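**Student:** Okay, here's the structure, questions in a sec.
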Amino acid sequence: MQAKTSAALPQSYVGTRTVRPDGVDKVTGRARFGADFNLPGQLVGRVLRSPHAHARILSIDTSKAERLPGVKAVVTRDDFPDQSSEFIPAGEMMMNYRDVVRNVMAREKALYEGHAVAAVAATSTAVARRALKLIDVQYEVLPHVIDVVDAMKPEAPLLHEDLYTAGVEPKPERPSNIAKRVEIGHGDIEAGFARADVIVEREFSTQPVHQGYIEPHAALASVSEDGAVELWCTTQGHFIVRAHCARLLGLDIGKVRVTASEIGGGFGGKTVVYLEPLAVALSRKAKRPVKLVMSREEVFKASGPTSGARIKVKLGATKAGKFTGAFAELKYQAGAFQGSPVQPGTMCAFAPYDIEHVKVIGYDVVSNRPKVAAYRAPGAPISEFAVESVVDELAKKLEIDPVELRLQNAAREGTKAAYGPKFGPIGLIDTLHAVEKTNHYTTPLEEWQGRGVASGFWFNIGGETCASLTVNEDGTVSLMAGTPDIGGLRASLAMVAADELGVPYDKVRPIIGDTGSVGYNFLTGGSRSAFSGSMAVVEAAKQIKADLCTRAAKLWELAPDQVAFENGHVKPVGDTNGRHKPVSVADLAKVAGKTGGPIGGVGRINAQGAGPSFGTHLVDVEVDPETGRVTILRYTMAQDAGRAIHPSYVEGQYQGGAAQGIGWALNEEYIYGADGKLQNAGFLDYRMPVASDVPMIDAIIVEVPNPRHPYGVRGVGETPIVPPMAAIANAIENATGIRFTELPMSPPKVLKALKERGLNGVKA
Amino acid sequence: MAKHHVTATVNGDAVEFLCETEETLLDVLRDTLHLTGSKEGCSSGDCGACSVTLDGRLVCSCLVLGCEVAGRSIETIEGMATGETLHPLQQKFLEHAALQCGICTPGFLVASKALLERDPDPTETEIRYWLAGNLCRCTGYDKIIKAVMDAAAEMRTS
Amino acid sequence: MRYEAPETLDTAVALLAGARGDARVLAGGTDLLVQMRYDILDPELIVDIKRIPEIRAVTEEEGGWRIGAAVTGAELKEHAALGRAWPGVVEAANLIGSTQVQGRATLGGNLCNGSPAADSVPALIAAGAIASVAGPRGRRDVPVEDVMIGPRKLSLERGELVVSFLLPPRAKGSGDAYLRFIPRTEMDIAVVGAGVSLTADDAGTITRARVSLGAVAEKVLLVPDAAQAIVGSRLDRAAQERLEAAARAACRPIDDKRGTVEFRIEVAGVLTRRAALIALERARAR
């Protein structure tokens with residue numbers, strides 16, 4: 001399964017399917033995830049959570065709990081100093097420290113069922129549970145609001161008395177639940193619609209969905225008497241965790257050392273802090289290590305899912321199929337504190353298309369639910385679901401094939417994106433063609449079966465990244481990266497290092513360093529870790545190669561420009577070519593001490609030039625007209641990776657995102673009672689796809705190299721979740737003639753719609 | 001209240017432990033026996049990350065009490081490889097990139113092994129339904145199913 | 001919390017009857033452990049009945065089958081003869097949860113957990129199964145449809161437990177089937193469950209039938225009207241429509257996170273028809 005090699009050249013790994021270096025530990029159970037760490041003397045931490053969706057906290061009496069034998073520490077809002085307002089990046093979203101401290105531990109109010117109100121550390125689980133029951137919290141229960149449209153009404157229960165809608169002029173006189181209004185676009189949409197021969201206008205609604213990582217949040221903190229903090233946690237960004245804990249607890253950043261455990265899924269949901277500041281605060285008080293792990297119920301009730309939303313889309317086109325004007329209005333729930341992904345939602349909505357007149361408006365709305373966290377291309381799946389559905393409806397009205405309609409209007413190199421910048425080389429058209437060429441595209445369908453297609457886009461980011469390479473005395477290479485490896489990163493970075501230095505892949509040992517061992521890294525998110533990490537590795541390798549050349553030149557008594565690094569060796573070049581035998585990295589490593597000391601390089605970059613990744617999905621469904629059950633029969637997807645460092649892990653991102661999209665489309669949703677409490681806080685009734693729910697997913701890697709990356713890499717992890725919901729809605733429309741505009745498209749809704757049109761009935 | 005004193009066999013080794021009535025086998029494996037390969041994803045039997053075999057029967061260890069396993073034999077992920085030799089399933093999972101984050105992998109391996117021991121030649125559909133109790137959020141299941149089928153083929157010829 | 005694992009039925013009964021606080025029977029534990037973990041139950045005593053031989057046995061009895069209350073779904077699946085006689089009962093037990101859950105879950109537990117959505121109960125009721133109950137006042141037989149009387153409410157007295165189920169002898173030309181509707185393909189609690197057992201003569205005319213519906217009322221229903229709708233017929237289109245109507249008429253479901261009233265009623269008819277067709281096909285094959 002490896003690339004063909006030539007006798008003289010070292011093997012090239014990028015683009016091949018190597019076995020990941022951290023794989024053996026993961027298939028033997030040896031790998032340590034968040035809850036797998038333990039320290040002697042550790043205490044069990046538990047969190048007391050609000051049973052109310054909205055309530056003023058009048059008083060918290062922890063005295064009885066503190067007196068319970070076995071309880072070593074109790075913390076409440078009093079243990080967290082208030083924070084002034086300051087916006088900071090939270091993955092690809094923004095958050096405000098004033099809100100972070102209140103989300104980590106409720107302050108004036110409990111703003112959602114599950115909101116943390118107090119936490120204890122005790123000598124056993126049984127004692128901790130009993131201690132929680134002894135904490136007396138007096139609540140003044142307030143009316144609550146969940147739905148985004150209800151929350152926008154002037155008479156809605158107000159979550160924050162000091163929240164005034166930003167982005168509107170003049171500033172509103174009264175506070176509301178509308179945190180922000182955003183707008184993007186260019187041109188004149190009235191003119192655009194005036195030129196249209198056909199206009200489609202539709203409204204859509206989506207429910208909140210959770211990232212659904214199988215590993216609950218977990219943190220183990222140990223604070224010593226001099227205030228130094230050691231923290232192990234499952235996170236997508238241990239440097240972010242360090243910064244938040246330091247800030248919330250008034251610590252020097254340098255005194256906090258965070259080790260990222262192996263992470264059992266994140267998808268954006270582990271880019272923020274929940275348990276970590278609590279563990280540190282408890283450990284500081286108890287003077288013993290404290291371990292906190294969320295139950296599955298807590299994960300659903302108290303960690304951020306993504307927004308539920310209402311979307312309006314209006315799209316106009318000429319008879320020939322040219323889009324002339326596009327409008328969308330997005331209303332996204334932010335949960336208890338402002339910061340939904342409505343901004344990226346507005347930017348991505350029409351991004352796949354070249355449209356002269358575009359306007360997208362977005363509203364960020366708070367409601368009594370957990371604060372939303374990023375979920376894979378945050379904001380885009382929602383807005384693009386709506387737009388791609390409307391594109392499909394337009395295609396039907398115009399009697400133009402849906403792929404053809406997209407090809408006609410596709411963004412390409414030089415297109416001015418709806419959100420501003422001009423695209424460089426991009427692969428949308430390539431993915432459309434790739435899908436069109438498949439056997440899937442032309443396979444005949446039977447009755448009650450339908451086919452749907454949809455495209456999608458995500459920007460991807462770069463960001464601050466550090467990676468170090470150290471050449472050991474025996475010529476092996478230690479690679480230290482600083483972004484947690486969610487699924488294959490270490491393999492990809494090791495492959496790049498191996499190719500850059502011309503050493504065998506299995507001689508490169510990659511690890512993810514803790515915050516004390518490697519320089520600052522922004523978190524794993526934004527599809528950036530392979531993109532930026534590989535850039536940093538290339539930079540580190542460059543330094544090593546230059547250094548090796550210097551050492552060899554000294555040894556050979558040549559001038560620096562008379563040697564060069566080629567194919568894993570330093571050799572004399574030009575006039576001196578052939579004067580000395582080339583020396584390998586391993587050869588020079590043996591004499592490192594004699595030639596200047598240890599050999600290493602550090603890439604410290606703020607990676608720029610992340611390339612957007614476009615994808616197109618094709619799905620066949622079958623609808624059971626008697627029950628409304630939708631079965632996914634066949635799934636094909638093509639996405640532009642720029643350059644796939646490790647094709648298997650790129651395919652894995654594609655397939656995983658598609659499966660999450662299938663769940664989002666058909667069955668996943670947060671179900672609230674009238675009391676504002678979550679009714680399906682578990683994997684039984686929060687219905688994620690199981691193995692029998694999905695077919696094989698054919699993943700086609702398209703490569704339109706990103707000119708701003710040394711290997712042409714684009715981030716790939718997020719785009720896959722963007723097209724599935726619309727592709728499936730379009731397929732269901734194709735099968736039944738019914739356009740579904742509400743997610744999830746669960747059986748009761750489908751059957752009801754079939755019945756209303758007299759379409760339900762005995763399957764032939 | 002006094003704890004229960006239990007002796008059992010885990011991965012072929014005799015073990016002895018104390019547990020409270022309400023402690024599950026998963027709690028005992030992870031917290032008392034320090035075998036953290038079995039994972040806790042939900043504690044309600046809905047995700048399969050805690051899968052082990054009990055006297056050869058595939059079960060969720062979160063649905064078995066520690067005191068129920070007296071005199072019984074338990075196999076966990078830690079017992080799957082033989083010395084330095086990985087089980088064909090483990091090897092195929094690596095080759096097919098059938099894991100991304102890896103948290104569900106121990107559960108899938110234990111469950112797949114139980115399947116192939118009963119049925120050495122399952123169809124794709126039979127594999128999917130057997131493994132329906134093992135949730136994966138990263139892979140979309142495609143490469144997992146392919147790895148199991150490939151391992152089954154290899155085990156049939158050896 | 002005490003844990004006892006008695007080896008005789010009398011000891012088990014005495015423990016349950018004599019418990020001061022809440023005492024729970026532990027068979028497969030797939031419901032009990034979850035309820036304990038999520039603070040729904042906090043029993044003072046757990047009585048593990050798996051060491052009592054008759055509770056774990058599957059035996060032929062006077063042409064019928066006696067199944068111990070704590071035989072697991074997986075074990076039922078591996079019992080070839082039982083599967084030939086009662087494929088509907090066995091397939092129902094093997095729809096509960098996952099492969100892992102089926103490795104532990106039992107018919108007794110599935111019934112006594114008291115959920116109207118229990119998968120194995122409609123199949124047992126359609127089969128005409130009789131539960132053998134032991135208690136402080138001795139043994140008694142209870143038709144399965146009379147055991148669960150409401151959500152988490154059983155007609156058992158304190159100290160009583162279900163020991164086994166007796167499935168009647170199978171007449172020639174009989175077949176049974178269980179179908180359920182769930183939104184995914186596995187792992188969900190039944191939104192509607194339909195069990196049908198019937199006997200047909202050589203001409204293919206149905207001579208006897210029993211129909212049971214789950215998840216559409218406060219308990220699992222035996223629906224005599226639905227059975228009547230098809231007895232004497234060959235399950236032609238008209239009989240199917242009568243069957244569907246009778247099934248729908250019997251439903252009194254609720255709206256909840258798993259389904260609406262409207263949906264359950266509609267699908268109850270569909271599934272009953274489909275299950276009856278499968279049962280008839282199996283009957284013809286025997």
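In the structure tokens, each chain is lettered A, B, ... as it comes, each chain's residues begin at 1, and ligands are numbered from 1 in order of appearance.
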Residues of chain A no more than 6 Å from chain B, counting only C-alpha atoms: send them over as a list in words.
**Tutor:**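 For chain A, the answer reads Lys26, Val27, Thr28, Gly29, Asp36, Ile214, Glu215, Gly264, Gly265, Arg296, Ile486, Gly487, Gly652, Gln655, Gly656, Ala659, Phe683, Val690, Ala691, Ser692 and Met696 of chain A.
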**Student:** Kindly save the residues from that selection, with C-alpha atoms included, as a CSV table (one decimal), in the first residue's frame.
**Tutor:**
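Final output, out28.csv:
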```csv
chain,number,residue,atom,x,y,z
A,26,LYS,CA,-5.7,2.9,20.1
A,27,VAL,CA,-6.5,-0.7,19.0
A,28,THR,CA,-5.2,-2.2,22.2
A,29,GLY,CA,-6.9,0.1,24.7
A,36,ASP,CA,-8.2,7.5,31.7
A,214,ILE,CA,-18.7,9.6,22.2
A,215,GLU,CA,-16.2,10.7,24.9
A,264,GLY,CA,-12.6,11.0,21.8
A,265,GLY,CA,-14.2,13.3,19.3
A,296,ARG,CA,-23.8,11.6,29.0
A,486,ILE,CA,-8.4,14.3,16.5
A,487,GLY,CA,-8.0,11.7,13.8
A,652,GLY,CA,-12.5,9.5,6.8
A,655,GLN,CA,-17.4,10.0,5.4
A,656,GLY,CA,-17.7,11.1,9.0
A,659,ALA,CA,-22.8,10.6,8.5
A,683,PHE,CA,-28.1,8.3,23.1
A,690,VAL,CA,-25.9,3.6,13.8
A,691,ALA,CA,-24.0,1.3,11.5
A,692,SER,CA,-27.1,-0.2,10.0
A,696,MET,CA,-20.9,2.6,2.3
```
**Student:** Excluding Ile263 of chain A and residues on its chain fewer than 3 positions from it, collect all residues at most 12 Å away from it, counting only C-alpha atoms, and give them as a PyMOL selection string.
**Tutor:** (chain A and resi 26+31-36+213-219+232-238+259-260+266-271+483-488+512+524) or (chain B and resi 100-104+138)
**Student:** Might you pull out every residue within 9 Å of Ile149 of chain C, with only C-alpha atoms counted and same-chain residues fewer than 4 positions away left off, and present them as an NGL selection string?
**Tutor:** :C and (114 or 145 or 153-155 or 218-220)
**Student:** List the neighbours of Ala283 of chain C out to 6 Å using only C-alpha atoms; skip same-chain residues closer than 6 positions along the sequence, and give me the result as a PyMOL selection string.
**Tutor:** chain C and resi 173-175
**Student:** With only C-alpha atoms as the counted atoms, please give the residues lying no more than 6 Å from Ser367 of chain A, apart from itself and same-chain residues fewer than 3 positions off, as a PyMOL selection string.
**Tutor:** chain A and resi 145-146+335-336
**Student:** Hey, can you spit out that residue selection with N, CA and C atoms as a PDB file, in the first residue's frame?
**Tutor:**
```pdb
ATOM      1  N   VAL A 145     -37.662  31.032  27.610  1.00  0.00           N
ATOM      2  CA  VAL A 145     -37.965  31.026  26.169  1.00  0.00           C
ATOM      3  C   VAL A 145     -36.904  30.198  25.464  1.00  0.00           C
ATOM      4  N   ILE A 146     -37.337  29.353  24.551  1.00  0.00           N
ATOM      5  CA  ILE A 146     -36.397  28.458  23.868  1.00  0.00           C
ATOM      6  C   ILE A 146     -36.322  28.796  22.373  1.00  0.00           C
ATOM      7  N   GLY A 335     -28.113  30.221  22.383  1.00  0.00           N
ATOM      8  CA  GLY A 335     -28.132  29.647  23.715  1.00  0.00           C
ATOM      9  C   GLY A 335     -28.087  30.764  24.728  1.00  0.00           C
ATOM     10  N   ALA A 336     -27.628  30.452  25.917  1.00  0.00           N
ATOM     11  CA  ALA A 336     -27.769  31.374  27.041  1.00  0.00           C
ATOM     12  C   ALA A 336     -26.935  32.643  26.922  1.00  0.00           C
TER      13      ALA A 336
END
```
**Student:** Distance cut-off 10 Å, counting only C-alpha atoms - which residues of chain A neighbour chain C? Return them as number ranges by chain.
**Tutor:** A: 295, 297, 626-631, 663, 666-667, 670-673, 679-680, 683-694, 746-752, 755, 761-762
**Student:** Residues of chain C near chain B: apply a cut-off of 12 Å, count only C-alpha atoms, and supply the list as a PDB file with C-alpha atoms, in the first residue's frame.
**Tutor:**
```pdb
ATOM      1  CA  MET C   1     -27.717  -1.313  48.895  1.00  0.00           C
ATOM      2  CA  ARG C   2     -27.793  -5.060  49.442  1.00  0.00           C
ATOM      3  CA  TYR C   3     -27.190  -7.646  46.762  1.00  0.00           C
ATOM      4  CA  GLU C   4     -28.353 -11.220  47.150  1.00  0.00           C
ATOM      5  CA  ALA C   5     -28.105 -14.073  44.637  1.00  0.00           C
ATOM      6  CA  LEU C  26     -32.228  -8.419  38.837  1.00  0.00           C
ATOM      7  CA  ALA C  27     -32.315 -10.557  35.716  1.00  0.00           C
ATOM      8  CA  GLY C  28     -30.493  -8.989  32.735  1.00  0.00           C
ATOM      9  CA  GLY C  29     -30.143  -5.614  34.422  1.00  0.00           C
ATOM     10  CA  THR C  30     -30.477  -3.713  31.152  1.00  0.00           C
ATOM     11  CA  ASP C  31     -33.269  -1.565  32.583  1.00  0.00           C
ATOM     12  CA  LEU C  32     -32.544  -1.750  36.311  1.00  0.00           C
ATOM     13  CA  LEU C  33     -28.918  -0.624  36.123  1.00  0.00           C
ATOM     14  CA  VAL C  34     -29.774   2.333  33.913  1.00  0.00           C
ATOM     15  CA  GLN C  35     -32.556   3.428  36.246  1.00  0.00           C
ATOM     16  CA  MET C  36     -30.228   3.189  39.224  1.00  0.00           C
ATOM     17  CA  ARG C  37     -27.493   5.130  37.438  1.00  0.00           C
ATOM     18  CA  TYR C  38     -29.887   7.910  36.493  1.00  0.00           C
ATOM     19  CA  ASP C  39     -31.372   8.185  39.988  1.00  0.00           C
ATOM     20  CA  LEU C  41     -34.563   4.021  41.388  1.00  0.00           C
ATOM     21  CA  ASP C  42     -32.626   3.621  44.607  1.00  0.00           C
ATOM     22  CA  PRO C  43     -33.431   0.104  45.828  1.00  0.00           C
ATOM     23  CA  GLU C  44     -32.511  -1.106  49.260  1.00  0.00           C
ATOM     24  CA  LEU C  45     -32.207  -4.680  48.023  1.00  0.00           C
ATOM     25  CA  ILE C  46     -31.348  -6.280  44.691  1.00  0.00           C
ATOM     26  CA  VAL C  47     -32.280  -9.955  44.243  1.00  0.00           C
ATOM     27  CA  ASP C  48     -30.306 -11.589  41.437  1.00  0.00           C
ATOM     28  CA  ILE C  49     -32.424 -14.504  40.217  1.00  0.00           C
ATOM     29  CA  LYS C  50     -30.001 -15.889  37.643  1.00  0.00           C
ATOM     30  CA  ARG C  51     -28.763 -18.719  39.882  1.00  0.00           C
ATOM     31  CA  THR C  72     -31.543 -13.986  27.487  1.00  0.00           C
ATOM     32  CA  GLY C  73     -32.600 -12.920  24.009  1.00  0.00           C
ATOM     33  CA  ALA C  74     -29.284 -14.169  22.633  1.00  0.00           C
ATOM     34  CA  GLU C  75     -29.864 -17.601  24.160  1.00  0.00           C
ATOM     35  CA  GLU C  78     -29.504 -19.831  19.579  1.00  0.00           C
ATOM     36  CA  ASN C  94     -33.776  -9.969  19.683  1.00  0.00           C
ATOM     37  CA  LEU C  95     -34.941  -6.530  18.709  1.00  0.00           C
ATOM     38  CA  ILE C  96     -34.452  -5.235  22.245  1.00  0.00           C
ATOM     39  CA  GLY C  97     -31.541  -2.784  22.233  1.00  0.00           C
ATOM     40  CA  SER C  98     -28.333  -3.959  20.678  1.00  0.00           C
ATOM     41  CA  THR C  99     -26.410  -7.210  20.329  1.00  0.00           C
ATOM     42  CA  GLN C 100     -24.812  -6.360  23.670  1.00  0.00           C
ATOM     43  CA  VAL C 101     -28.190  -5.759  25.301  1.00  0.00           C
ATOM     44  CA  GLN C 102     -29.605  -8.961  23.832  1.00  0.00           C
ATOM     45  CA  GLY C 103     -26.721 -10.755  25.504  1.00  0.00           C
ATOM     46  CA  ARG C 104     -28.305  -9.904  28.863  1.00  0.00           C
ATOM     47  CA  ALA C 105     -31.937  -8.829  28.368  1.00  0.00           C
ATOM     48  CA  ARG C 184     -33.606   4.400  12.862  1.00  0.00           C
ATOM     49  CA  THR C 185     -32.920   0.811  11.872  1.00  0.00           C
ATOM     50  CA  GLU C 186     -31.861  -0.295  15.363  1.00  0.00           C
ATOM     51  CA  MET C 187     -31.435   0.888  18.913  1.00  0.00           C
ATOM     52  CA  ASP C 188     -34.693   2.800  19.359  1.00  0.00           C
ATOM     53  CA  ILE C 189     -37.604   2.122  21.673  1.00  0.00           C
TER      54      ILE C 189
END
```
**Student:** Excluding Ile265 of chain C and its own-chain neighbours fewer than 5 positions away, which residues fall within 10 Å of it when counting only C-alpha atoms? Please give them as a list in words.
**Tutor:**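 Result of the neighbour search: Val192, Val216, Glu244, Ala245, Ala247, Arg248, Ala249, Ala250, Cys251, Arg252, Pro253, Ile254, Thr260 and Val270 of chain C.
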**Student:** Quick one: distance from atom CA of Asp99 of chain A to atom CA of Arg49 of chain A in Å, one decimal?
**Tutor:**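 These atoms are spaced 17.2 Å apart.
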**Student:** Give me, as a count of residues only, all polymer residues having an atom no more than 7 Å from Ser73 of chain B, counting only C-alpha atoms and skipping those fewer than 2 positions away in the same chain.
**Tutor:** 7
**Student:** Using backbone DSSP assignments, extract all strand (DSSP E or B) residues from segment 7-157 of chain B; output them as a list in words.
**Tutor:** Thr7, Ala8, Thr9, Val10, Asp13, Ala14, Val15, Glu16, Phe17, Leu18, Cys19, Thr24, Ser51, Val52, Thr53, Leu54, Arg57, Leu58, Val59, Cys60, Leu65, Ser73, Ile74, Glu75, Thr82 and Thr85 of chain B
**Student:** Tell me, which residues of segment 306-463 of chain A carry DSSP alpha helix (DSSP H), written as a ChimeraX atom specification?
**Tutor:** /A:342-348,380-398,402-409,428-436,439-442
